[in-house]
>>> print(open('run.txt').read())   # compact mmCIF, N, CA, C and O atoms
# COMPACT_ATOMS: atom_id res chain seq x y z
N MET L 1 77.80 108.78 111.11
CA MET L 1 77.02 109.98 110.88
C MET L 1 77.95 111.18 110.98
O MET L 1 78.74 111.29 111.91
N THR L 2 77.89 112.06 110.01
CA THR L 2 78.74 113.25 109.98
C THR L 2 78.35 114.20 111.11
O THR L 2 77.17 114.37 111.41
N VAL L 3 79.37 114.81 111.73
CA VAL L 3 79.13 115.76 112.81
C VAL L 3 79.93 117.03 112.57
O VAL L 3 80.99 117.02 111.95
N LEU L 4 79.37 118.12 113.09
CA LEU L 4 80.07 119.40 113.16
C LEU L 4 80.53 119.56 114.59
O LEU L 4 79.73 119.44 115.52
N VAL L 5 81.82 119.79 114.76
CA VAL L 5 82.40 119.96 116.09
C VAL L 5 82.84 121.41 116.21
O VAL L 5 83.60 121.90 115.38
N THR L 6 82.34 122.09 117.25
CA THR L 6 82.68 123.49 117.47
C THR L 6 83.32 123.64 118.83
O THR L 6 82.87 123.04 119.81
N GLN L 7 84.38 124.44 118.88
CA GLN L 7 85.07 124.68 120.14
C GLN L 7 85.57 126.12 120.17
O GLN L 7 86.23 126.58 119.24
N ASP L 8 85.21 126.84 121.23
CA ASP L 8 85.73 128.18 121.45
C ASP L 8 86.98 128.09 122.32
O ASP L 8 87.01 127.33 123.30
N LEU L 9 88.00 128.85 121.94
CA LEU L 9 89.28 128.84 122.64
C LEU L 9 89.54 130.24 123.21
O LEU L 9 90.17 131.07 122.57
N PRO L 10 89.04 130.50 124.42
CA PRO L 10 89.21 131.84 125.01
C PRO L 10 90.69 132.16 125.22
O PRO L 10 91.48 131.31 125.60
N GLY L 11 91.04 133.40 124.93
CA GLY L 11 92.40 133.87 125.17
C GLY L 11 93.41 133.49 124.10
O GLY L 11 94.55 133.93 124.14
N VAL L 12 93.01 132.69 123.13
CA VAL L 12 93.93 132.29 122.06
C VAL L 12 94.10 133.46 121.10
O VAL L 12 93.13 134.07 120.66
N THR L 13 95.34 133.76 120.77
CA THR L 13 95.67 134.86 119.87
C THR L 13 95.94 134.32 118.46
O THR L 13 96.03 133.10 118.26
N ASP L 14 96.13 135.24 117.52
CA ASP L 14 96.50 134.84 116.15
C ASP L 14 97.77 134.00 116.17
O ASP L 14 97.86 132.98 115.49
N ALA L 15 98.75 134.44 116.96
CA ALA L 15 100.03 133.72 117.03
C ALA L 15 99.84 132.34 117.67
O ALA L 15 100.45 131.37 117.23
N ASP L 16 99.02 132.26 118.71
CA ASP L 16 98.74 130.97 119.35
C ASP L 16 98.12 130.01 118.34
O ASP L 16 98.53 128.85 118.24
N TYR L 17 97.13 130.50 117.61
CA TYR L 17 96.45 129.65 116.63
C TYR L 17 97.42 129.20 115.54
O TYR L 17 97.44 128.04 115.16
N ALA L 18 98.25 130.12 115.06
CA ALA L 18 99.24 129.77 114.04
C ALA L 18 100.17 128.67 114.54
O ALA L 18 100.53 127.76 113.79
N GLY L 19 100.54 128.74 115.80
CA GLY L 19 101.39 127.70 116.39
C GLY L 19 100.70 126.35 116.45
O GLY L 19 101.31 125.31 116.18
N LEU L 20 99.41 126.38 116.80
CA LEU L 20 98.64 125.13 116.84
C LEU L 20 98.55 124.50 115.45
O LEU L 20 98.73 123.30 115.28
N VAL L 21 98.26 125.34 114.45
CA VAL L 21 98.16 124.83 113.08
C VAL L 21 99.50 124.28 112.61
O VAL L 21 99.57 123.24 111.96
N SER L 22 100.57 124.97 112.96
CA SER L 22 101.91 124.51 112.59
C SER L 22 102.20 123.14 113.18
O SER L 22 102.77 122.27 112.53
N GLU L 23 101.79 122.96 114.42
CA GLU L 23 102.07 121.69 115.12
C GLU L 23 101.11 120.57 114.73
O GLU L 23 101.50 119.42 114.63
N LEU L 24 99.85 120.91 114.52
CA LEU L 24 98.83 119.88 114.35
C LEU L 24 98.21 119.78 112.95
O LEU L 24 97.56 118.79 112.64
N GLY L 25 98.37 120.80 112.14
CA GLY L 25 97.66 120.87 110.86
C GLY L 25 97.85 119.67 109.96
O GLY L 25 96.88 119.10 109.45
N SER L 26 99.09 119.25 109.73
CA SER L 26 99.32 118.13 108.82
C SER L 26 98.81 116.83 109.41
O SER L 26 98.29 115.96 108.69
N LYS L 27 98.92 116.67 110.73
CA LYS L 27 98.39 115.47 111.39
C LYS L 27 96.87 115.44 111.29
O LYS L 27 96.28 114.37 111.09
N LEU L 28 96.25 116.60 111.46
CA LEU L 28 94.79 116.69 111.37
C LEU L 28 94.32 116.29 109.98
O LEU L 28 93.37 115.51 109.84
N ALA L 29 94.98 116.80 108.97
CA ALA L 29 94.58 116.52 107.59
C ALA L 29 94.61 115.03 107.27
O ALA L 29 93.86 114.56 106.41
N GLU L 30 95.45 114.28 107.97
CA GLU L 30 95.59 112.84 107.73
C GLU L 30 94.79 112.00 108.71
O GLU L 30 94.80 110.76 108.62
N ALA L 31 94.09 112.62 109.65
CA ALA L 31 93.38 111.87 110.69
C ALA L 31 92.21 111.08 110.12
O ALA L 31 91.46 111.59 109.29
N PRO L 32 92.07 109.83 110.53
CA PRO L 32 90.92 109.03 110.07
C PRO L 32 89.60 109.71 110.45
O PRO L 32 89.42 110.13 111.60
N GLY L 33 88.72 109.86 109.48
CA GLY L 33 87.41 110.45 109.74
C GLY L 33 87.33 111.95 109.62
O GLY L 33 86.25 112.53 109.67
N PHE L 34 88.48 112.63 109.44
CA PHE L 34 88.48 114.09 109.31
C PHE L 34 87.98 114.50 107.95
O PHE L 34 88.33 113.91 106.93
N ILE L 35 87.13 115.56 107.91
CA ILE L 35 86.61 116.08 106.65
C ILE L 35 87.13 117.49 106.38
O ILE L 35 87.70 117.75 105.33
N SER L 36 86.92 118.43 107.31
CA SER L 36 87.37 119.80 107.08
C SER L 36 87.52 120.57 108.38
O SER L 36 86.96 120.19 109.42
N HIS L 37 88.26 121.68 108.30
CA HIS L 37 88.55 122.54 109.45
C HIS L 37 88.39 123.99 109.00
O HIS L 37 88.88 124.36 107.93
N ALA L 38 87.71 124.78 109.80
CA ALA L 38 87.60 126.21 109.56
C ALA L 38 87.65 126.89 110.92
O ALA L 38 87.02 126.45 111.88
N ALA L 39 88.42 127.96 111.01
CA ALA L 39 88.57 128.65 112.29
C ALA L 39 88.79 130.13 112.05
O ALA L 39 89.23 130.54 110.98
N GLY L 40 88.49 130.91 113.07
CA GLY L 40 88.72 132.34 112.96
C GLY L 40 88.56 133.02 114.31
O GLY L 40 88.05 132.43 115.26
N PRO L 41 89.01 134.26 114.38
CA PRO L 41 88.93 134.99 115.64
C PRO L 41 87.49 135.35 115.99
O PRO L 41 86.68 135.63 115.12
N VAL L 42 87.20 135.29 117.28
CA VAL L 42 85.94 135.76 117.85
C VAL L 42 86.30 136.63 119.05
O VAL L 42 87.46 136.67 119.46
N ASP L 43 85.33 137.34 119.58
CA ASP L 43 85.61 138.18 120.75
C ASP L 43 86.29 137.36 121.84
O ASP L 43 85.74 136.37 122.31
N GLY L 44 87.50 137.75 122.18
CA GLY L 44 88.23 137.11 123.28
C GLY L 44 88.94 135.82 122.95
O GLY L 44 89.43 135.15 123.85
N GLY L 45 89.05 135.43 121.69
CA GLY L 45 89.76 134.20 121.37
C GLY L 45 89.53 133.73 119.95
O GLY L 45 89.43 134.55 119.03
N TRP L 46 89.44 132.43 119.79
CA TRP L 46 89.24 131.81 118.47
C TRP L 46 88.13 130.79 118.55
O TRP L 46 87.91 130.17 119.59
N ARG L 47 87.45 130.56 117.43
CA ARG L 47 86.45 129.50 117.31
C ARG L 47 86.92 128.54 116.22
O ARG L 47 87.29 128.95 115.13
N VAL L 48 86.88 127.26 116.56
CA VAL L 48 87.25 126.20 115.63
C VAL L 48 86.00 125.41 115.29
O VAL L 48 85.22 125.03 116.18
N ASN L 49 85.79 125.18 114.00
CA ASN L 49 84.68 124.37 113.49
C ASN L 49 85.27 123.29 112.60
O ASN L 49 86.06 123.59 111.71
N GLU L 50 84.89 122.05 112.87
CA GLU L 50 85.39 120.95 112.06
C GLU L 50 84.25 120.00 111.70
O GLU L 50 83.33 119.81 112.50
N LEU L 51 84.37 119.40 110.53
CA LEU L 51 83.46 118.33 110.13
C LEU L 51 84.22 117.02 110.24
O LEU L 51 85.37 116.92 109.79
N TRP L 52 83.55 116.03 110.84
CA TRP L 52 84.12 114.70 111.03
C TRP L 52 83.11 113.65 110.59
O TRP L 52 81.90 113.89 110.67
N GLU L 53 83.58 112.50 110.20
CA GLU L 53 82.69 111.42 109.81
C GLU L 53 81.89 110.89 110.99
O GLU L 53 80.81 110.34 110.80
N SER L 54 82.41 111.05 112.21
CA SER L 54 81.70 110.60 113.41
C SER L 54 82.24 111.30 114.64
O SER L 54 83.37 111.81 114.64
N LYS L 55 81.43 111.31 115.68
CA LYS L 55 81.86 111.86 116.97
C LYS L 55 83.05 111.07 117.51
O LYS L 55 83.98 111.63 118.09
N GLU L 56 83.02 109.75 117.29
CA GLU L 56 84.10 108.89 117.79
C GLU L 56 85.43 109.21 117.11
O GLU L 56 86.48 109.19 117.77
N ALA L 57 85.39 109.50 115.81
CA ALA L 57 86.63 109.85 115.09
C ALA L 57 87.22 111.13 115.67
O ALA L 57 88.43 111.23 115.89
N HIS L 58 86.36 112.11 115.93
CA HIS L 58 86.86 113.35 116.53
C HIS L 58 87.41 113.10 117.93
O HIS L 58 88.47 113.60 118.29
N SER L 59 86.69 112.35 118.73
CA SER L 59 87.13 112.08 120.10
C SER L 59 88.50 111.41 120.12
O SER L 59 89.35 111.75 120.96
N ALA L 60 88.72 110.46 119.21
CA ALA L 60 90.02 109.79 119.15
C ALA L 60 91.12 110.78 118.79
O ALA L 60 92.21 110.77 119.39
N TRP L 61 90.85 111.65 117.82
CA TRP L 61 91.82 112.68 117.43
C TRP L 61 92.11 113.62 118.61
O TRP L 61 93.26 113.88 118.95
N TYR L 62 91.06 114.12 119.21
CA TYR L 62 91.19 115.11 120.28
C TYR L 62 91.98 114.55 121.46
O TYR L 62 92.92 115.19 121.94
N SER L 63 91.61 113.37 121.90
CA SER L 63 92.31 112.80 123.07
C SER L 63 93.74 112.39 122.74
O SER L 63 94.62 112.46 123.60
N GLY L 64 93.99 112.01 121.50
CA GLY L 64 95.33 111.57 121.12
C GLY L 64 96.30 112.66 120.71
O GLY L 64 97.51 112.49 120.81
N HIS L 65 95.77 113.82 120.26
CA HIS L 65 96.65 114.86 119.73
C HIS L 65 96.50 116.23 120.41
O HIS L 65 97.48 116.95 120.53
N VAL L 66 95.29 116.59 120.77
CA VAL L 66 95.06 117.92 121.34
C VAL L 66 95.31 117.92 122.84
O VAL L 66 96.06 118.77 123.35
N VAL L 67 94.71 116.99 123.55
CA VAL L 67 94.85 116.96 125.02
C VAL L 67 96.32 116.90 125.44
O VAL L 67 96.72 117.65 126.34
N PRO L 68 97.16 116.08 124.80
CA PRO L 68 98.56 116.02 125.25
C PRO L 68 99.35 117.33 125.11
O PRO L 68 100.35 117.50 125.80
N ILE L 69 98.92 118.25 124.25
CA ILE L 69 99.69 119.49 124.11
C ILE L 69 99.06 120.67 124.85
O ILE L 69 99.58 121.78 124.78
N MET L 70 97.95 120.43 125.54
CA MET L 70 97.33 121.52 126.30
C MET L 70 98.24 121.93 127.45
O MET L 70 98.88 121.07 128.07
N PRO L 71 98.33 123.23 127.74
CA PRO L 71 99.16 123.67 128.86
C PRO L 71 98.69 123.05 130.16
O PRO L 71 97.48 122.90 130.38
N GLU L 72 99.63 122.69 130.99
CA GLU L 72 99.30 122.10 132.28
C GLU L 72 98.44 123.06 133.09
O GLU L 72 98.72 124.25 133.17
N GLY L 73 97.36 122.55 133.65
CA GLY L 73 96.46 123.36 134.46
C GLY L 73 95.45 124.17 133.67
O GLY L 73 94.61 124.85 134.25
N ALA L 74 95.53 124.10 132.33
CA ALA L 74 94.56 124.85 131.51
C ALA L 74 93.18 124.21 131.66
O ALA L 74 93.06 122.99 131.59
N PRO L 75 92.17 125.04 131.87
CA PRO L 75 90.83 124.46 131.98
C PRO L 75 90.38 123.92 130.63
O PRO L 75 90.67 124.51 129.59
N PRO L 76 89.69 122.80 130.65
CA PRO L 76 89.20 122.28 129.37
C PRO L 76 88.14 123.20 128.78
O PRO L 76 87.38 123.84 129.52
N THR L 77 88.14 123.33 127.46
CA THR L 77 87.12 124.14 126.81
C THR L 77 86.06 123.21 126.26
O THR L 77 86.39 122.14 125.73
N PRO L 78 84.80 123.58 126.39
CA PRO L 78 83.74 122.69 125.92
C PRO L 78 83.82 122.44 124.41
O PRO L 78 84.10 123.34 123.64
N VAL L 79 83.57 121.21 124.05
CA VAL L 79 83.47 120.81 122.66
C VAL L 79 81.99 120.52 122.41
O VAL L 79 81.39 119.71 123.12
N VAL L 80 81.40 121.19 121.43
CA VAL L 80 79.99 121.02 121.11
C VAL L 80 79.90 120.25 119.80
O VAL L 80 80.56 120.59 118.82
N VAL L 81 79.08 119.20 119.81
CA VAL L 81 78.95 118.33 118.63
C VAL L 81 77.51 118.40 118.13
O VAL L 81 76.57 118.23 118.91
N TYR L 82 77.37 118.65 116.83
CA TYR L 82 76.06 118.71 116.19
C TYR L 82 75.98 117.66 115.09
O TYR L 82 76.93 117.51 114.31
N GLN L 83 74.87 116.96 115.01
CA GLN L 83 74.64 116.01 113.91
C GLN L 83 74.40 116.82 112.63
O GLN L 83 73.68 117.81 112.64
N ILE L 84 75.00 116.36 111.55
CA ILE L 84 74.83 117.00 110.25
C ILE L 84 73.98 116.07 109.38
O ILE L 84 74.30 114.89 109.24
N THR L 85 72.93 116.62 108.79
CA THR L 85 72.09 115.79 107.93
C THR L 85 72.30 116.08 106.45
O THR L 85 71.82 115.32 105.61
N ASN L 86 72.99 117.19 106.12
CA ASN L 86 73.22 117.50 104.72
C ASN L 86 74.47 118.34 104.57
O ASN L 86 74.72 119.24 105.36
N MET L 87 75.25 118.01 103.53
CA MET L 87 76.42 118.81 103.16
C MET L 87 76.38 118.99 101.66
O MET L 87 76.05 118.05 100.93
N ILE L 88 76.70 120.17 101.20
CA ILE L 88 76.72 120.42 99.75
C ILE L 88 78.12 120.87 99.36
O ILE L 88 78.72 121.69 100.02
>>> encode(input="run.txt", output="structure tokens")
Amino acid sequence: MTVLVTQDLPGVTDADYAGLVSELGSKLAEAPGFISHAAGPVDGGWRVNELWESKEAHSAWYSGHVVPIMPEGAPPTPVVVYQITNMI
């Protein structure tokens, strides 16, 4: 089942986000189950929205690629997952 995954990244700057995309963007594009990524600045940081074929596909990506590069001691940011019933 397709899911929308949303995550707010407090304190992340334009430069921080650019660095993340530089490091992870090509790997993300090739990740099993990945559909699309859209992100932009919000008050106090960045918001990332992604479509995935399943929650499990996203979880595997996140734990295998994102968690290992998080700064030591950084608090985890909540990941919100929504079921998608239609995409056009």
>>> closest_residue(input="run.txt", among="L:Tyr62, L:Ala57, L:Gly45, L:Val81", to="L:Ala15", atoms="only C-alpha atoms")
L:Gly45
>>> closest_atom_pairs(input="run.txt", of="stretch 42-69 of chain L", to="stretch 32-36 of chain L", cutoff="9 Å", atoms="only C-alpha atoms", output="Markdown table")
| residue | atom | partner | partner_atom | distance |
| --- | --- | --- | --- | --- |
| L:Asn49 | CA | L:Ser36 | CA | 8.3 |
| L:Glu50 | CA | L:Ser36 | CA | 5.5 |
| L:Leu51 | CA | L:Ser36 | CA | 5.2 |
| L:Trp52 | CA | L:Phe34 | CA | 4.7 |
| L:Glu53 | CA | L:Gly33 | CA | 4.8 |
| L:Ser54 | CA | L:Gly33 | CA | 6.8 |
| L:Glu56 | CA | L:Gly33 | CA | 8.8 |
| L:Ala57 | CA | L:Gly33 | CA | 5.4 |
| L:His58 | CA | L:Gly33 | CA | 7.4 |
| L:Trp61 | CA | L:Pro32 | CA | 8.3 |
>>> select_by_dssp(input="run.txt", residues="chain L", states="helix (DSSP H, G or I)", output="ChimeraX atom specification")
/L:14-29,55-69
>>> select_by_dssp(input="run.txt", residues="chain L", states="strand (DSSP E or B)", output="ChimeraX atom specification")
/L:3-10,34-42,45-52,79-83
>>> atom_distance(input="run.txt", atom1="atom CA of L:Tyr82", atom2="atom CA of L:Val3")
5.4 Å
>>> residues_near_point(input="run.txt", point="(75.2, 113.1, 112.8)", cutoff="6 Å", atoms="only C-alpha atoms", output="list in words")
Met1, Thr2, Val3, Gln83 and Ile84 of chain L
>>> write_last_selection(input="run.txt", atoms="N, CA, C and O atoms", output="PDB file, in the frame of the given file")
ATOM      1  N   MET L   1      77.800 108.780 111.110  1.00  0.00           N
ATOM      2  CA  MET L   1      77.020 109.980 110.880  1.00  0.00           C
ATOM      3  C   MET L   1      77.950 111.180 110.980  1.00  0.00           C
ATOM      4  O   MET L   1      78.740 111.290 111.910  1.00  0.00           O
ATOM      5  N   THR L   2      77.890 112.060 110.010  1.00  0.00           N
ATOM      6  CA  THR L   2      78.740 113.250 109.980  1.00  0.00           C
ATOM      7  C   THR L   2      78.350 114.200 111.110  1.00  0.00           C
ATOM      8  O   THR L   2      77.170 114.370 111.410  1.00  0.00           O
ATOM      9  N   VAL L   3      79.370 114.810 111.730  1.00  0.00           N
ATOM     10  CA  VAL L   3      79.130 115.760 112.810  1.00  0.00           C
ATOM     11  C   VAL L   3      79.930 117.030 112.570  1.00  0.00           C
ATOM     12  O   VAL L   3      80.990 117.020 111.950  1.00  0.00           O
ATOM     13  N   GLN L  83      74.870 116.960 115.010  1.00  0.00           N
ATOM     14  CA  GLN L  83      74.640 116.010 113.910  1.00  0.00           C
ATOM     15  C   GLN L  83      74.400 116.820 112.630  1.00  0.00           C
ATOM     16  O   GLN L  83      73.680 117.810 112.640  1.00  0.00           O
ATOM     17  N   ILE L  84      75.000 116.360 111.550  1.00  0.00           N
ATOM     18  CA  ILE L  84      74.830 117.000 110.250  1.00  0.00           C
ATOM     19  C   ILE L  84      73.980 116.070 109.380  1.00  0.00           C
ATOM     20  O   ILE L  84      74.300 114.890 109.240  1.00  0.00           O
TER      21      ILE L  84
END
>>> decode(input="run.txt", residues="stretch 38-54 of chain L", atoms="N, CA, C and O atoms", output="PDB file, in the first residue's frame")
ATOM      1  N   ALA L  38       9.799  15.296  -2.094  1.00  0.00           N
ATOM      2  CA  ALA L  38       9.599  16.740  -2.212  1.00  0.00           C
ATOM      3  C   ALA L  38       9.887  17.341  -0.851  1.00  0.00           C
ATOM      4  O   ALA L  38       9.462  16.809   0.183  1.00  0.00           O
ATOM      5  N   ALA L  39      10.626  18.433  -0.835  1.00  0.00           N
ATOM      6  CA  ALA L  39      10.995  19.052   0.442  1.00  0.00           C
ATOM      7  C   ALA L  39      11.114  20.554   0.262  1.00  0.00           C
ATOM      8  O   ALA L  39      11.331  21.042  -0.844  1.00  0.00           O
ATOM      9  N   GLY L  40      10.992  21.259   1.366  1.00  0.00           N
ATOM     10  CA  GLY L  40      11.149  22.699   1.314  1.00  0.00           C
ATOM     11  C   GLY L  40      11.226  23.287   2.707  1.00  0.00           C
ATOM     12  O   GLY L  40      10.926  22.626   3.701  1.00  0.00           O
ATOM     13  N   PRO L  41      11.639  24.547   2.775  1.00  0.00           N
ATOM     14  CA  PRO L  41      11.781  25.191   4.076  1.00  0.00           C
ATOM     15  C   PRO L  41      10.421  25.464   4.715  1.00  0.00           C
ATOM     16  O   PRO L  41       9.448  25.760   4.027  1.00  0.00           O
ATOM     17  N   VAL L  42      10.386  25.323   6.029  1.00  0.00           N
ATOM     18  CA  VAL L  42       9.242  25.697   6.858  1.00  0.00           C
ATOM     19  C   VAL L  42       9.796  26.512   8.018  1.00  0.00           C
ATOM     20  O   VAL L  42      11.009  26.582   8.210  1.00  0.00           O
ATOM     21  N   ASP L  43       8.929  27.142   8.767  1.00  0.00           N
ATOM     22  CA  ASP L  43       9.394  27.923   9.913  1.00  0.00           C
ATOM     23  C   ASP L  43      10.301  27.075  10.801  1.00  0.00           C
ATOM     24  O   ASP L  43       9.884  26.032  11.298  1.00  0.00           O
ATOM     25  N   GLY L  44      11.542  27.495  10.934  1.00  0.00           N
ATOM     26  CA  GLY L  44      12.481  26.829  11.831  1.00  0.00           C
ATOM     27  C   GLY L  44      13.163  25.592  11.288  1.00  0.00           C
ATOM     28  O   GLY L  44      13.830  24.890  12.030  1.00  0.00           O
ATOM     29  N   GLY L  45      13.037  25.285  10.005  1.00  0.00           N
ATOM     30  CA  GLY L  45      13.712  24.105   9.478  1.00  0.00           C
ATOM     31  C   GLY L  45      13.235  23.715   8.105  1.00  0.00           C
ATOM     32  O   GLY L  45      12.937  24.574   7.275  1.00  0.00           O
ATOM     33  N   TRP L  46      13.152  22.420   7.876  1.00  0.00           N
ATOM     34  CA  TRP L  46      12.731  21.870   6.578  1.00  0.00           C
ATOM     35  C   TRP L  46      11.687  20.796   6.794  1.00  0.00           C
ATOM     36  O   TRP L  46      11.692  20.109   7.816  1.00  0.00           O
ATOM     37  N   ARG L  47      10.817  20.609   5.809  1.00  0.00           N
ATOM     38  CA  ARG L  47       9.850  19.511   5.812  1.00  0.00           C
ATOM     39  C   ARG L  47      10.128  18.637   4.598  1.00  0.00           C
ATOM     40  O   ARG L  47      10.268  19.124   3.482  1.00  0.00           O
ATOM     41  N   VAL L  48      10.197  17.336   4.849  1.00  0.00           N
ATOM     42  CA  VAL L  48      10.421  16.350   3.800  1.00  0.00           C
ATOM     43  C   VAL L  48       9.148  15.526   3.649  1.00  0.00           C
ATOM     44  O   VAL L  48       8.573  15.066   4.638  1.00  0.00           O
ATOM     45  N   ASN L  49       8.702  15.370   2.405  1.00  0.00           N
ATOM     46  CA  ASN L  49       7.548  14.540   2.069  1.00  0.00           C
ATOM     47  C   ASN L  49       7.993  13.541   1.013  1.00  0.00           C
ATOM     48  O   ASN L  49       8.588  13.926   0.005  1.00  0.00           O
ATOM     49  N   GLU L  50       7.712  12.270   1.265  1.00  0.00           N
ATOM     50  CA  GLU L  50       8.082  11.242   0.301  1.00  0.00           C
ATOM     51  C   GLU L  50       6.930  10.268   0.103  1.00  0.00           C
ATOM     52  O   GLU L  50       6.182   9.986   1.044  1.00  0.00           O
ATOM     53  N   LEU L  51       6.835   9.742  -1.106  1.00  0.00           N
ATOM     54  CA  LEU L  51       5.906   8.659  -1.399  1.00  0.00           C
ATOM     55  C   LEU L  51       6.713   7.377  -1.524  1.00  0.00           C
ATOM     56  O   LEU L  51       7.763   7.354  -2.186  1.00  0.00           O
ATOM     57  N   TRP L  52       6.208   6.329  -0.869  1.00  0.00           N
ATOM     58  CA  TRP L  52       6.844   5.017  -0.880  1.00  0.00           C
ATOM     59  C   TRP L  52       5.799   3.952  -1.186  1.00  0.00           C
ATOM     60  O   TRP L  52       4.619   4.129  -0.869  1.00  0.00           O
ATOM     61  N   GLU L  53       6.227   2.849  -1.741  1.00  0.00           N
ATOM     62  CA  GLU L  53       5.312   1.749  -2.025  1.00  0.00           C
ATOM     63  C   GLU L  53       4.768   1.116  -0.750  1.00  0.00           C
ATOM     64  O   GLU L  53       3.691   0.529  -0.769  1.00  0.00           O
ATOM     65  N   SER L  54       5.515   1.229   0.359  1.00  0.00           N
ATOM     66  CA  SER L  54       5.055   0.680   1.633  1.00  0.00           C
ATOM     67  C   SER L  54       5.801   1.330   2.786  1.00  0.00           C
ATOM     68  O   SER L  54       6.890   1.892   2.612  1.00  0.00           O
TER      69      SER L  54
END
